[in-house]
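*Asks:* One file is attached below, query-v5.cif, containing mmCIF, C-alpha atoms.
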```
data_upload
loop_
_atom_site.label_atom_id
_atom_site.label_comp_id
_atom_site.auth_asym_id
_atom_site.auth_seq_id
_atom_site.Cartn_x
_atom_site.Cartn_y
_atom_site.Cartn_z
CA MET A 1 -35.07 -2.60 -4.18
CA ARG A 2 -32.77 -5.36 -2.94
CA SER A 3 -30.44 -2.79 -1.40
CA LYS A 4 -33.35 -1.41 0.66
CA VAL A 5 -34.20 -4.89 1.91
CA VAL A 6 -30.58 -5.56 2.84
CA PHE A 7 -30.27 -2.21 4.58
CA GLY A 8 -33.49 -2.85 6.51
CA ARG A 9 -32.22 -6.26 7.63
CA MET A 10 -28.97 -4.65 8.75
CA LEU A 11 -30.78 -2.04 10.81
CA ARG A 12 -32.75 -4.80 12.54
CA ASN A 13 -29.48 -6.44 13.53
CA ARG A 14 -28.42 -5.03 16.90
CA GLN A 15 -24.71 -5.76 16.45
CA ALA A 16 -24.70 -4.16 12.99
CA ARG A 17 -26.36 -1.02 14.39
CA TYR A 18 -23.75 -0.75 17.12
CA GLY A 19 -21.00 -1.31 14.56
CA ILE A 20 -22.30 1.38 12.20
CA ILE A 21 -22.75 3.91 15.00
CA ALA A 22 -19.29 3.18 16.42
CA PHE A 23 -17.57 3.30 13.03
CA LEU A 24 -19.24 6.55 11.99
CA GLY A 25 -18.40 8.03 15.38
CA LEU A 26 -14.73 7.07 14.99
CA VAL A 27 -14.58 8.48 11.45
CA LEU A 28 -16.13 11.76 12.64
CA LEU A 29 -13.71 11.86 15.57
CA ALA A 30 -10.73 11.21 13.28
CA TYR A 31 -11.58 13.84 10.69
CA LEU A 32 -13.50 16.48 12.62
CA GLY A 33 -11.92 16.07 16.05
CA PRO A 34 -8.63 17.78 15.14
CA PHE A 35 -10.50 21.02 14.36
CA PHE A 36 -11.62 21.25 17.99
CA GLY A 37 -8.25 20.47 19.56
CA PRO A 38 -5.90 23.26 20.66
CA TYR A 39 -2.85 21.75 18.90
CA ASP A 40 -1.92 20.38 15.50
CA TRP A 41 -0.30 16.95 15.26
CA THR A 42 2.98 18.53 14.12
CA ASP A 43 3.13 21.05 16.98
CA LYS A 44 5.61 20.56 19.83
CA ASP A 45 5.17 22.07 23.26
CA PHE A 46 8.71 22.26 24.66
CA LEU A 47 7.36 23.14 28.10
CA SER A 48 5.21 20.00 28.31
CA PHE A 49 7.14 16.75 28.01
CA LEU A 50 5.22 13.60 29.03
CA VAL A 51 2.43 15.62 30.63
CA PRO A 52 -0.53 13.41 31.68
CA PRO A 53 -4.01 14.01 30.22
CA GLY A 54 -5.67 17.23 31.31
CA GLY A 55 -5.51 20.98 30.80
CA ASP A 56 -4.54 22.07 27.30
CA HIS A 57 -3.36 18.58 26.39
CA TRP A 58 -6.52 16.52 26.66
CA TRP A 59 -4.79 13.16 26.09
CA GLY A 60 -1.37 14.15 27.42
CA THR A 61 1.88 14.69 25.51
CA THR A 62 4.71 12.57 24.13
CA THR A 63 8.39 12.51 25.02
CA ILE A 64 9.01 15.39 22.60
CA GLY A 65 5.99 17.46 23.59
CA GLN A 66 3.55 16.46 20.85
CA ASP A 67 -0.14 16.52 21.71
CA MET A 68 -1.43 12.94 21.96
CA TYR A 69 -4.99 13.93 21.05
CA ALA A 70 -3.97 15.45 17.73
CA LEU A 71 -1.34 12.79 17.09
CA THR A 72 -3.68 9.86 17.76
CA LEU A 73 -6.43 11.25 15.55
CA ARG A 74 -3.90 11.77 12.77
CA GLY A 75 -2.80 8.17 13.19
CA MET A 76 -6.40 6.93 13.04
CA GLN A 77 -6.96 8.90 9.83
CA LYS A 78 -4.02 7.13 8.22
CA SER A 79 -5.11 3.70 9.48
CA ILE A 80 -8.66 4.18 8.13
CA VAL A 81 -7.39 5.30 4.71
CA ILE A 82 -4.95 2.39 4.53
CA GLY A 83 -7.67 -0.08 5.48
CA VAL A 84 -10.17 1.28 2.93
CA LEU A 85 -7.68 1.47 0.04
CA THR A 86 -6.09 -1.91 0.76
CA ALA A 87 -9.48 -3.62 0.91
CA LEU A 88 -10.60 -1.90 -2.31
CA ILE A 89 -7.52 -3.09 -4.23
CA ALA A 90 -7.62 -6.60 -2.75
CA THR A 91 -11.35 -7.18 -3.36
CA THR A 92 -11.09 -5.82 -6.92
CA LEU A 93 -8.16 -8.13 -7.66
CA ALA A 94 -10.01 -11.11 -6.20
CA ALA A 95 -13.11 -10.38 -8.28
CA ILE A 96 -11.27 -9.88 -11.57
CA VAL A 97 -8.77 -12.75 -11.26
CA GLY A 98 -11.29 -15.24 -9.89
CA ALA A 99 -13.99 -14.36 -12.42
CA PHE A 100 -11.65 -14.47 -15.42
CA ALA A 101 -10.11 -17.78 -14.29
CA GLY A 102 -13.50 -19.40 -13.71
CA TYR A 103 -15.12 -18.08 -16.87
CA PHE A 104 -12.38 -18.77 -19.42
CA GLY A 105 -10.90 -21.91 -17.89
CA GLY A 106 -8.12 -23.67 -19.80
CA TRP A 107 -4.64 -22.17 -19.77
CA ILE A 108 -5.91 -18.83 -18.46
CA ASP A 109 -7.37 -20.56 -15.42
CA LYS A 110 -4.19 -22.56 -14.86
CA ALA A 111 -1.92 -19.51 -15.20
CA LEU A 112 -3.98 -17.32 -12.88
CA MET A 113 -4.41 -20.05 -10.26
CA TRP A 114 -0.70 -20.82 -10.43
CA GLY A 115 -0.04 -17.17 -9.54
CA VAL A 116 -2.55 -17.42 -6.69
CA ASP A 117 -0.88 -20.57 -5.35
CA LEU A 118 2.53 -18.93 -5.56
CA LEU A 119 1.39 -15.92 -3.52
CA LEU A 120 -0.30 -18.19 -0.99
CA VAL A 121 2.92 -20.06 -0.18
CA LEU A 122 5.03 -16.91 0.11
CA PRO A 123 5.53 -15.67 3.70
CA SER A 124 3.73 -12.36 3.30
CA PHE A 125 4.95 -10.78 6.54
CA LEU A 126 8.56 -11.59 5.69
CA VAL A 127 8.27 -10.33 2.11
CA ILE A 128 6.69 -7.03 3.20
CA ALA A 129 9.29 -6.67 5.96
CA ILE A 130 12.08 -7.03 3.39
CA ILE A 131 10.58 -4.75 0.74
CA SER A 132 9.02 -2.05 2.93
CA PRO A 133 12.29 -0.53 4.29
CA ARG A 134 13.45 -0.06 0.70
CA LEU A 135 10.43 2.14 0.05
CA LYS A 136 11.09 4.62 2.87
CA GLU A 137 11.67 7.45 0.42
CA SER A 138 8.58 6.53 -1.62
CA SER A 139 4.90 7.28 -1.06
CA TRP A 140 3.05 5.36 1.66
CA LEU A 141 0.70 4.21 -1.11
CA TRP A 142 3.31 1.60 -2.05
CA PHE A 143 2.81 0.11 1.40
CA VAL A 144 -0.92 -0.10 0.66
CA VAL A 145 -0.16 -1.96 -2.58
CA LEU A 146 2.11 -4.38 -0.71
CA LEU A 147 -0.60 -5.15 1.83
CA ALA A 148 -3.22 -5.61 -0.90
CA VAL A 149 -1.04 -7.97 -2.96
CA PHE A 150 -1.09 -10.55 -0.15
CA THR A 151 -4.77 -10.19 0.81
CA TRP A 152 -6.92 -11.29 -2.14
CA MET A 153 -5.95 -14.89 -3.00
CA ILE A 154 -8.40 -16.92 -0.88
CA THR A 155 -11.36 -14.83 -2.06
CA SER A 156 -10.28 -15.21 -5.69
CA ARG A 157 -10.54 -18.99 -5.32
CA VAL A 158 -14.07 -18.65 -3.96
CA VAL A 159 -14.99 -16.28 -6.80
CA ARG A 160 -13.57 -18.77 -9.33
CA SER A 161 -15.65 -21.64 -7.99
CA MET A 162 -18.83 -19.54 -8.02
CA THR A 163 -18.09 -18.33 -11.55
CA LEU A 164 -17.89 -21.94 -12.78
CA SER A 165 -21.56 -22.23 -11.86
CA LEU A 166 -22.65 -18.78 -13.01
CA ARG A 167 -21.18 -19.14 -16.51
CA GLU A 168 -23.71 -21.89 -17.25
CA ARG A 169 -26.73 -19.74 -16.36
CA GLU A 170 -29.24 -18.90 -19.12
CA TYR A 171 -28.67 -15.14 -19.05
CA VAL A 172 -24.91 -15.62 -19.46
CA GLN A 173 -25.41 -18.04 -22.36
CA ALA A 174 -27.85 -15.61 -23.95
CA ALA A 175 -25.26 -12.82 -23.74
CA VAL A 176 -22.72 -15.11 -25.46
CA TYR A 177 -25.14 -15.87 -28.31
CA MET A 178 -25.80 -12.14 -28.72
CA GLY A 179 -22.08 -11.62 -29.40
CA ILE A 180 -21.31 -9.54 -26.32
CA PRO A 181 -17.53 -9.54 -25.63
CA ARG A 182 -16.51 -12.01 -22.96
CA TRP A 183 -14.92 -9.36 -20.73
CA LYS A 184 -18.18 -7.39 -20.74
CA ILE A 185 -20.11 -10.51 -19.77
CA ILE A 186 -17.76 -11.00 -16.82
CA LEU A 187 -18.02 -7.40 -15.63
CA LYS A 188 -21.76 -6.94 -16.26
CA HIS A 189 -23.22 -10.38 -15.54
CA ILE A 190 -20.77 -12.45 -13.50
CA VAL A 191 -19.22 -9.98 -11.03
CA PRO A 192 -22.52 -8.21 -10.11
CA ASN A 193 -23.97 -11.59 -9.13
CA LEU A 194 -21.07 -12.04 -6.74
CA SER A 195 -21.76 -8.72 -5.01
CA SER A 196 -22.87 -10.28 -1.72
CA LEU A 197 -19.60 -12.16 -1.33
CA LEU A 198 -17.50 -9.20 -2.47
CA ILE A 199 -19.21 -6.70 -0.15
CA ILE A 200 -18.63 -8.93 2.87
CA ASP A 201 -15.07 -9.64 1.76
CA TYR A 202 -14.38 -5.92 1.36
CA THR A 203 -15.69 -5.11 4.82
CA LEU A 204 -13.61 -7.81 6.49
CA ASN A 205 -10.56 -6.86 4.43
CA VAL A 206 -10.74 -3.33 5.87
CA SER A 207 -10.33 -4.63 9.42
CA GLY A 208 -7.69 -7.11 8.30
CA ALA A 209 -5.69 -4.36 6.62
CA VAL A 210 -5.94 -2.10 9.69
CA ILE A 211 -4.61 -4.90 11.89
CA GLY A 212 -1.93 -5.82 9.33
CA GLU A 213 -0.74 -2.24 9.07
CA ALA A 214 -0.64 -1.90 12.85
CA ALA A 215 1.37 -5.11 13.22
CA LEU A 216 3.89 -4.18 10.53
CA SER A 217 4.22 -0.61 11.80
CA PHE A 218 4.72 -1.92 15.35
CA PHE A 219 7.86 -3.70 14.13
CA GLY A 220 8.99 -0.72 12.04
CA PHE A 221 8.05 -2.16 8.64
CA GLY A 222 4.95 -0.08 7.97
CA ILE A 223 4.30 3.66 7.89
CA GLN A 224 7.55 5.57 8.15
CA PRO A 225 8.23 8.90 9.95
CA PRO A 226 7.28 11.70 9.83
CA GLU A 227 3.87 10.11 9.10
CA VAL A 228 2.09 8.29 11.90
CA SER A 229 -0.53 5.57 12.18
CA LEU A 230 -2.13 3.78 15.08
CA GLY A 231 0.50 1.07 14.66
CA THR A 232 3.45 3.44 14.96
CA LEU A 233 1.89 5.18 17.96
CA ILE A 234 1.27 1.85 19.70
CA ALA A 235 4.88 0.87 19.04
CA GLU A 236 6.13 4.11 20.57
CA GLY A 237 3.74 3.97 23.50
CA ALA A 238 4.50 0.33 24.32
CA ARG A 239 8.01 1.31 25.42
CA ASN A 240 6.59 3.48 28.20
CA ALA A 241 3.21 1.78 28.74
CA THR A 242 3.70 1.23 32.47
CA GLY A 243 5.10 4.63 33.39
CA TYR A 244 3.11 6.76 30.94
CA PRO A 245 0.03 4.67 30.05
CA TRP A 246 -1.71 7.37 27.98
CA LEU A 247 0.96 6.99 25.27
CA PHE A 248 -0.26 3.43 24.68
CA ALA A 249 -3.85 3.40 25.91
CA PHE A 250 -5.39 5.93 23.52
CA PRO A 251 -4.04 4.58 20.19
CA ALA A 252 -4.51 0.95 21.30
CA GLY A 253 -8.05 1.63 22.51
CA LEU A 254 -9.04 3.34 19.26
CA LEU A 255 -7.52 0.50 17.24
CA VAL A 256 -9.60 -2.07 19.15
CA LEU A 257 -12.78 -0.01 18.73
CA LEU A 258 -12.11 0.56 15.02
CA VAL A 259 -11.53 -3.11 14.23
CA LEU A 260 -14.44 -4.22 16.42
CA SER A 261 -16.87 -1.81 14.75
CA ILE A 262 -15.84 -2.94 11.26
CA ASN A 263 -16.19 -6.61 12.20
CA LEU A 264 -19.66 -5.97 13.63
CA ILE A 265 -20.66 -4.31 10.35
CA GLY A 266 -19.24 -7.26 8.41
CA ASP A 267 -21.20 -9.75 10.52
CA GLY A 268 -24.35 -7.70 10.05
CA LEU A 269 -23.83 -7.58 6.28
CA ARG A 270 -23.31 -11.32 6.16
CA ASP A 271 -26.59 -11.92 8.00
CA ALA A 272 -28.47 -9.32 5.93
CA LEU A 273 -27.29 -10.79 2.62
CA ASP A 274 -28.04 -14.37 3.72
CA PRO A 275 -31.63 -15.26 2.79
CA GLY A 276 -31.65 -18.01 5.41
CA SER A 277 -30.75 -15.68 8.27
CA ASN A 278 -33.34 -14.91 10.92
CA SER A 279 -31.74 -11.62 12.03
#
```
For the structure just supplied, provide its representation as C-alpha coordinates.
*Replies:*
Amino acid sequence: MRSKVVFGRMLRNRQARYGIIAFLGLVLLAYLGPFFGPYDWTDKDFLSFLVPPGGDHWWGTTTIGQDMYALTLRGMQKSIVIGVLTALIATTLAAIVGAFAGYFGGWIDKALMWGVDLLLVLPSFLVIAIISPRLKESSWLWFVVLLAVFTWMITSRVVRSMTLSLREREYVQAAVYMGIPRWKIILKHIVPNLSSLLIIDYTLNVSGAVIGEAALSFFGFGIQPPEVSLGTLIAEGARNATGYPWLFAFPAGLLVLLVLSINLIGDGLRDALDPGSNS
(Lines of atoms letter the chains of each structure in order from A and count residues from 1; the text may use other names and numbers.)
(Lines give C-alpha, C1' and ligand atoms only; values in the text may rest on other atoms or scores of the structure.)
Protein backbone atom coordinates (compact mmCIF):
# COMPACT_ATOMS: atom_id res chain seq x y z
CA MET A 1 0.00 0.00 0.00
CA ARG A 2 2.77 2.42 0.92
CA SER A 3 4.55 1.71 -2.35
CA LYS A 4 1.41 2.75 -4.27
CA VAL A 5 1.23 6.01 -2.33
CA VAL A 6 4.91 6.73 -2.98
CA PHE A 7 4.54 5.90 -6.66
CA GLY A 8 1.49 8.16 -6.93
CA ARG A 9 3.38 11.02 -5.29
CA MET A 10 6.25 10.49 -7.72
CA LEU A 11 3.95 10.63 -10.72
CA ARG A 12 2.53 13.92 -9.46
CA ASN A 13 6.05 15.34 -9.37
CA ARG A 14 6.78 16.90 -12.76
CA GLN A 15 10.56 16.59 -12.49
CA ALA A 16 10.30 12.93 -11.47
CA ARG A 17 8.05 12.21 -14.47
CA TYR A 18 10.54 13.82 -16.82
CA GLY A 19 13.37 11.90 -15.18
CA ILE A 20 11.60 8.54 -15.48
CA ILE A 21 10.64 9.14 -19.11
CA ALA A 22 14.16 10.28 -20.01
CA PHE A 23 15.86 7.41 -18.18
CA LEU A 24 13.60 4.75 -19.70
CA GLY A 25 14.12 6.32 -23.12
CA LEU A 26 17.90 6.20 -22.71
CA VAL A 27 17.82 2.58 -21.52
CA LEU A 28 15.66 1.59 -24.50
CA LEU A 29 17.98 3.49 -26.83
CA ALA A 30 21.05 1.81 -25.33
CA TYR A 31 19.73 -1.75 -25.50
CA LEU A 32 17.32 -1.72 -28.43
CA GLY A 33 18.92 0.99 -30.57
CA PRO A 34 21.83 -1.18 -31.78
CA PHE A 35 19.38 -3.60 -33.42
CA PHE A 36 18.20 -0.84 -35.76
CA GLY A 37 21.64 0.46 -36.70
CA PRO A 38 23.40 -0.73 -39.86
CA TYR A 39 26.70 -1.48 -38.07
CA ASP A 40 27.91 -3.32 -34.99
CA TRP A 41 30.16 -1.52 -32.52
CA THR A 42 33.09 -3.78 -33.47
CA ASP A 43 32.71 -3.20 -37.22
CA LYS A 44 35.22 -0.99 -39.07
CA ASP A 45 34.46 0.73 -42.34
CA PHE A 46 37.89 1.27 -43.93
CA LEU A 47 36.36 3.50 -46.60
CA SER A 48 34.85 5.90 -44.05
CA PHE A 49 37.37 7.50 -41.71
CA LEU A 50 36.08 10.50 -39.71
CA VAL A 51 32.94 10.76 -41.82
CA PRO A 52 30.45 13.31 -40.39
CA PRO A 53 26.93 12.22 -39.36
CA GLY A 54 24.67 11.21 -42.22
CA GLY A 55 24.12 8.44 -44.73
CA ASP A 56 24.89 4.95 -43.44
CA HIS A 57 26.73 6.33 -40.42
CA TRP A 58 24.02 8.21 -38.57
CA TRP A 59 26.37 9.69 -35.95
CA GLY A 60 29.53 9.68 -38.07
CA THR A 61 32.63 7.50 -37.74
CA THR A 62 35.83 7.46 -35.70
CA THR A 63 39.44 7.75 -36.80
CA ILE A 64 39.52 4.00 -37.50
CA GLY A 65 36.15 3.80 -39.23
CA GLN A 66 33.98 2.62 -36.34
CA ASP A 67 30.34 3.67 -36.37
CA MET A 68 29.75 6.28 -33.64
CA TYR A 69 26.08 5.37 -33.25
CA ALA A 70 26.82 1.74 -32.41
CA LEU A 71 29.93 2.63 -30.41
CA THR A 72 28.18 5.27 -28.28
CA LEU A 73 25.23 3.02 -27.48
CA ARG A 74 27.65 0.26 -26.48
CA GLY A 75 29.42 2.74 -24.21
CA MET A 76 26.13 3.82 -22.64
CA GLN A 77 25.22 0.19 -21.96
CA LYS A 78 28.47 -0.27 -20.05
CA SER A 79 28.04 2.99 -18.12
CA ILE A 80 24.49 2.06 -17.07
CA VAL A 81 25.55 -1.41 -15.90
CA ILE A 82 28.51 0.01 -13.98
CA GLY A 83 26.30 2.62 -12.32
CA VAL A 84 23.62 0.10 -11.31
CA LEU A 85 26.05 -2.52 -9.98
CA THR A 86 28.26 -0.02 -8.15
CA ALA A 87 25.25 1.57 -6.45
CA LEU A 88 23.86 -1.85 -5.49
CA ILE A 89 27.13 -2.93 -3.84
CA ALA A 90 27.69 0.44 -2.14
CA THR A 91 24.15 0.77 -0.74
CA THR A 92 24.18 -2.85 0.49
CA LEU A 93 27.51 -2.29 2.25
CA ALA A 94 26.25 0.93 3.83
CA ALA A 95 23.09 -0.77 5.10
CA ILE A 96 24.83 -3.82 6.55
CA VAL A 97 27.83 -2.06 8.12
CA GLY A 98 25.83 0.86 9.50
CA ALA A 99 23.03 -1.32 10.88
CA PHE A 100 25.38 -3.82 12.53
CA ALA A 101 27.51 -1.04 14.05
CA GLY A 102 24.49 0.82 15.41
CA TYR A 103 22.68 -2.25 16.71
CA PHE A 104 25.53 -4.08 18.44
CA GLY A 105 27.57 -1.09 19.59
CA GLY A 106 30.65 -1.76 21.70
CA TRP A 107 33.78 -3.09 20.03
CA ILE A 108 31.88 -4.06 16.88
CA ASP A 109 30.75 -0.46 16.44
CA LYS A 110 34.25 0.86 17.10
CA ALA A 111 35.89 -1.60 14.68
CA LEU A 112 33.43 -0.96 11.86
CA MET A 113 33.50 2.82 12.28
CA TRP A 114 37.30 2.75 12.40
CA GLY A 115 37.23 1.04 8.99
CA VAL A 116 34.79 3.67 7.74
CA ASP A 117 37.02 6.50 8.98
CA LEU A 118 40.06 4.90 7.35
CA LEU A 119 38.33 4.70 3.96
CA LEU A 120 37.09 8.27 4.29
CA VAL A 121 40.60 9.69 4.68
CA LEU A 122 42.06 7.68 1.81
CA PRO A 123 42.27 9.59 -1.50
CA SER A 124 39.88 7.39 -3.46
CA PHE A 125 40.73 8.73 -6.91
CA LEU A 126 44.44 8.18 -6.32
CA VAL A 127 43.95 4.67 -4.91
CA ILE A 128 41.76 3.61 -7.84
CA ALA A 129 44.21 5.19 -10.29
CA ILE A 130 47.04 3.12 -8.79
CA ILE A 131 45.16 -0.18 -8.57
CA SER A 132 43.08 -0.02 -11.77
CA PRO A 133 45.99 -0.32 -14.28
CA ARG A 134 47.08 -3.51 -12.51
CA LEU A 135 43.69 -5.04 -13.27
CA LYS A 136 43.84 -4.53 -17.05
CA GLU A 137 43.88 -8.27 -17.68
CA SER A 138 41.05 -8.89 -15.21
CA SER A 139 37.29 -8.50 -15.56
CA TRP A 140 35.82 -5.00 -15.59
CA LEU A 141 33.76 -6.11 -12.58
CA TRP A 142 36.83 -5.49 -10.43
CA PHE A 143 36.59 -1.85 -11.44
CA VAL A 144 32.98 -1.84 -10.24
CA VAL A 145 34.12 -3.24 -6.88
CA LEU A 146 36.79 -0.54 -6.61
CA LEU A 147 34.26 2.21 -7.26
CA ALA A 148 31.80 0.72 -4.74
CA VAL A 149 34.42 0.38 -1.99
CA PHE A 150 34.84 4.16 -1.85
CA THR A 151 31.15 5.10 -2.17
CA TRP A 152 29.27 3.79 0.88
CA MET A 153 30.93 5.29 3.98
CA ILE A 154 28.89 8.48 4.52
CA THR A 155 25.60 6.61 4.16
CA SER A 156 26.77 3.94 6.62
CA ARG A 157 27.24 6.64 9.26
CA VAL A 158 23.69 7.89 8.67
CA VAL A 159 22.36 4.31 8.86
CA ARG A 160 24.26 3.79 12.14
CA SER A 161 22.76 6.87 13.75
CA MET A 162 19.24 5.88 12.68
CA THR A 163 19.77 2.33 13.93
CA LEU A 164 20.67 3.65 17.40
CA SER A 165 17.11 4.96 17.59
CA LEU A 166 15.39 2.03 15.91
CA ARG A 167 16.93 -0.60 18.20
CA GLU A 168 14.99 0.87 21.13
CA ARG A 169 11.61 0.55 19.41
CA GLU A 170 9.01 -1.81 20.94
CA TYR A 171 8.84 -4.20 17.99
CA VAL A 172 12.62 -4.65 18.03
CA GLN A 173 12.64 -5.28 21.79
CA ALA A 174 9.79 -7.75 21.36
CA ALA A 175 11.79 -9.65 18.74
CA VAL A 176 14.74 -9.81 21.17
CA TYR A 177 12.54 -11.24 23.94
CA MET A 178 11.18 -13.84 21.51
CA GLY A 179 14.73 -15.12 20.99
CA ILE A 180 15.06 -14.16 17.33
CA PRO A 181 18.76 -14.08 16.30
CA ARG A 182 20.21 -10.58 16.28
CA TRP A 183 21.24 -10.74 12.62
CA LYS A 184 17.66 -11.61 11.65
CA ILE A 185 16.36 -8.67 13.66
CA ILE A 186 18.73 -6.38 11.77
CA LEU A 187 17.77 -7.72 8.34
CA LYS A 188 14.02 -8.06 8.98
CA HIS A 189 13.24 -5.15 11.31
CA ILE A 190 16.02 -2.57 11.18
CA VAL A 191 17.04 -2.42 7.50
CA PRO A 192 13.46 -2.45 6.09
CA ASN A 193 12.67 0.61 8.22
CA LEU A 194 15.58 2.39 6.57
CA SER A 195 14.25 1.68 3.08
CA SER A 196 13.42 5.32 2.30
CA LEU A 197 16.99 6.43 2.96
CA LEU A 198 18.50 3.44 1.15
CA ILE A 199 16.31 3.84 -1.96
CA ILE A 200 17.28 7.49 -2.32
CA ASP A 201 20.92 6.68 -1.62
CA TYR A 202 20.89 3.93 -4.25
CA THR A 203 19.41 6.23 -6.88
CA LEU A 204 21.96 8.97 -6.26
CA ASN A 205 24.78 6.44 -6.11
CA VAL A 206 23.91 5.33 -9.65
CA SER A 207 24.52 8.82 -11.03
CA GLY A 208 27.61 9.23 -8.86
CA ALA A 209 29.05 5.97 -10.15
CA VAL A 210 28.35 6.91 -13.78
CA ILE A 211 30.17 10.22 -13.29
CA GLY A 212 33.00 8.53 -11.37
CA GLU A 213 33.49 5.92 -14.07
CA ALA A 214 33.48 8.60 -16.77
CA ALA A 215 36.06 10.68 -14.91
CA LEU A 216 38.38 7.74 -14.27
CA SER A 217 38.01 6.41 -17.81
CA PHE A 218 38.72 9.90 -19.18
CA PHE A 219 42.15 9.73 -17.55
CA GLY A 220 42.71 6.11 -18.61
CA PHE A 221 42.10 4.53 -15.20
CA GLY A 222 38.66 3.06 -15.86
CA ILE A 223 37.30 0.71 -18.51
CA GLN A 224 40.13 -0.68 -20.61
CA PRO A 225 40.14 -1.49 -24.37
CA PRO A 226 38.66 -3.24 -26.25
CA GLU A 227 35.63 -2.40 -24.06
CA VAL A 228 34.21 1.10 -24.23
CA SER A 229 32.15 3.34 -21.96
CA LEU A 230 30.90 6.88 -22.24
CA GLY A 231 34.00 7.97 -20.34
CA THR A 232 36.44 6.36 -22.76
CA LEU A 233 34.54 7.74 -25.76
CA ILE A 234 34.56 11.24 -24.28
CA ALA A 235 38.30 10.94 -23.68
CA GLU A 236 38.89 9.92 -27.29
CA GLY A 237 36.54 12.53 -28.70
CA ALA A 238 37.98 15.37 -26.61
CA ARG A 239 41.22 15.18 -28.59
CA ASN A 240 39.38 16.11 -31.79
CA ALA A 241 36.39 17.98 -30.34
CA THR A 242 36.93 21.14 -32.40
CA GLY A 243 37.65 19.53 -35.77
CA TYR A 244 35.31 16.53 -35.47
CA PRO A 245 32.70 17.53 -32.87
CA TRP A 246 30.50 14.44 -33.29
CA LEU A 247 33.21 12.30 -31.68
CA PHE A 248 32.70 14.24 -28.44
CA ALA A 249 29.17 15.62 -28.65
CA PHE A 250 27.20 12.36 -28.78
CA PRO A 251 28.82 10.51 -25.82
CA ALA A 252 29.05 13.72 -23.75
CA GLY A 253 25.43 14.62 -24.49
CA LEU A 254 24.16 11.16 -23.54
CA LEU A 255 26.22 11.24 -20.33
CA VAL A 256 24.66 14.56 -19.32
CA LEU A 257 21.14 13.31 -20.10
CA LEU A 258 21.72 10.04 -18.25
CA VAL A 259 23.01 11.68 -15.08
CA LEU A 260 20.35 14.40 -15.20
CA SER A 261 17.51 11.88 -15.57
CA ILE A 262 18.77 9.80 -12.63
CA ASN A 263 19.13 12.88 -10.43
CA LEU A 264 15.59 13.98 -11.30
CA ILE A 265 14.32 10.54 -10.28
CA GLY A 266 16.30 10.75 -7.03
CA ASP A 267 14.84 14.17 -6.22
CA GLY A 268 11.36 12.87 -6.98
CA LEU A 269 11.89 9.85 -4.72
CA ARG A 270 13.11 12.07 -1.92
CA ASP A 271 9.99 14.24 -2.15
CA ALA A 272 7.66 11.23 -2.48
CA LEU A 273 9.14 9.49 0.57
CA ASP A 274 9.09 12.68 2.67
CA PRO A 275 5.74 12.94 4.49
CA GLY A 276 6.23 16.69 4.87
CA SER A 277 6.63 17.31 1.14
CA ASN A 278 3.92 19.15 -0.75
CA SER A 279 4.84 17.73 -4.17
*Asks:* Enumerate, as a PyMOL selection string, the residues matched when the PyMOL selection byres ((chain A and resi 85-93) around 12) is run on the file above.
*Replies:* chain A and resi 78-84+94-101+112+116+140-159+187+191+194-195+197-213
*Asks:* Quick one: pull the distance between CA of Arg9 in chain A and CA of Gly25 in chain A, Å, one decimal.
*Replies:*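 If I compute the distance from CA of Arg9 in chain A to CA of Gly25 in chain A, I get 21.3 Å.
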*Asks:* Between A:Gly54, A:Pro181, A:Pro192, A:Gly231, which has the minimum distance to Gln77 in chain A (counting all atoms listed in the file)?
*Replies:* A:Gly231
*Asks:* Starting from the shown file, work through the PyMOL selection byres ((chain A and resi 23) around 10) and note down what comes out as a PyMOL selection string.
*Replies:* chain A and resi 17-22+24-29+257-262+264-265
*Asks:* Choose the residue, out of A:Gly102, A:Asp271, A:Leu126, A:Ile108, that has the smallest atom-to-atom separation from Leu164 in chain A; count all atoms listed in the file.
*Replies:*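 Closest candidate: A:Gly102.
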*Asks:* For the PyMOL selection byres ((chain A and resi 224) around 10), applied here, can you spell out every residue it catches as a list in words?
*Replies:*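 Here the PyMOL selection byres ((chain A and resi 224) around 10) matches Ser132, Pro133, Leu135, Lys136, Glu137, Ser138, Ser139, Trp140, Phe143, Ser217, Gly220, Phe221, Gly222, Ile223, Pro225, Pro226, Glu227, Val228, Ser229 and Thr232 of chain A.
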*Asks:* Rank A:Asp40, A:Asp109, A:Asp45, A:Glu236 by their smallest atom-to-atom distance to Arg160 in chain A, using only C-alpha atoms, and report the top residue only.
*Replies:*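 Once distances to Arg160 in chain A are computed over only C-alpha atoms, the minimum belongs to A:Asp109.
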*Asks:* I want to know what sits within 8 Å of range 58-65 of chain A, based on all atoms listed in the file, with residues of the same chain fewer than 5 positions away left out; could you give that as a PyMOL selection string?
*Replies:* chain A and resi 44-53+246-247+250
*Asks:* Would you give the centre and edge lengths, in Å to one decimal, of a box along x, y and z around the listed atoms of range 73-87 of chain A, with 8 Å added to each side, as JSON?
*Replies:*
```
{"center_x": -6.5, "center_y": 4.1, "center_z": 7.8, "size_x": 23.4, "size_y": 31.4, "size_z": 31.5}
```
*Asks:* To one decimal place in Å, what is the distance between CA of Leu32 in chain A and CA of Met68 in chain A?
*Replies:*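 It comes out at 15.7 Å.
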*Asks:* Please compute the CA of Arg270 in chain A-CA of Gly8 in chain A distance, one decimal, in Å.
*Replies:*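 So the answer is 13.2 Å.
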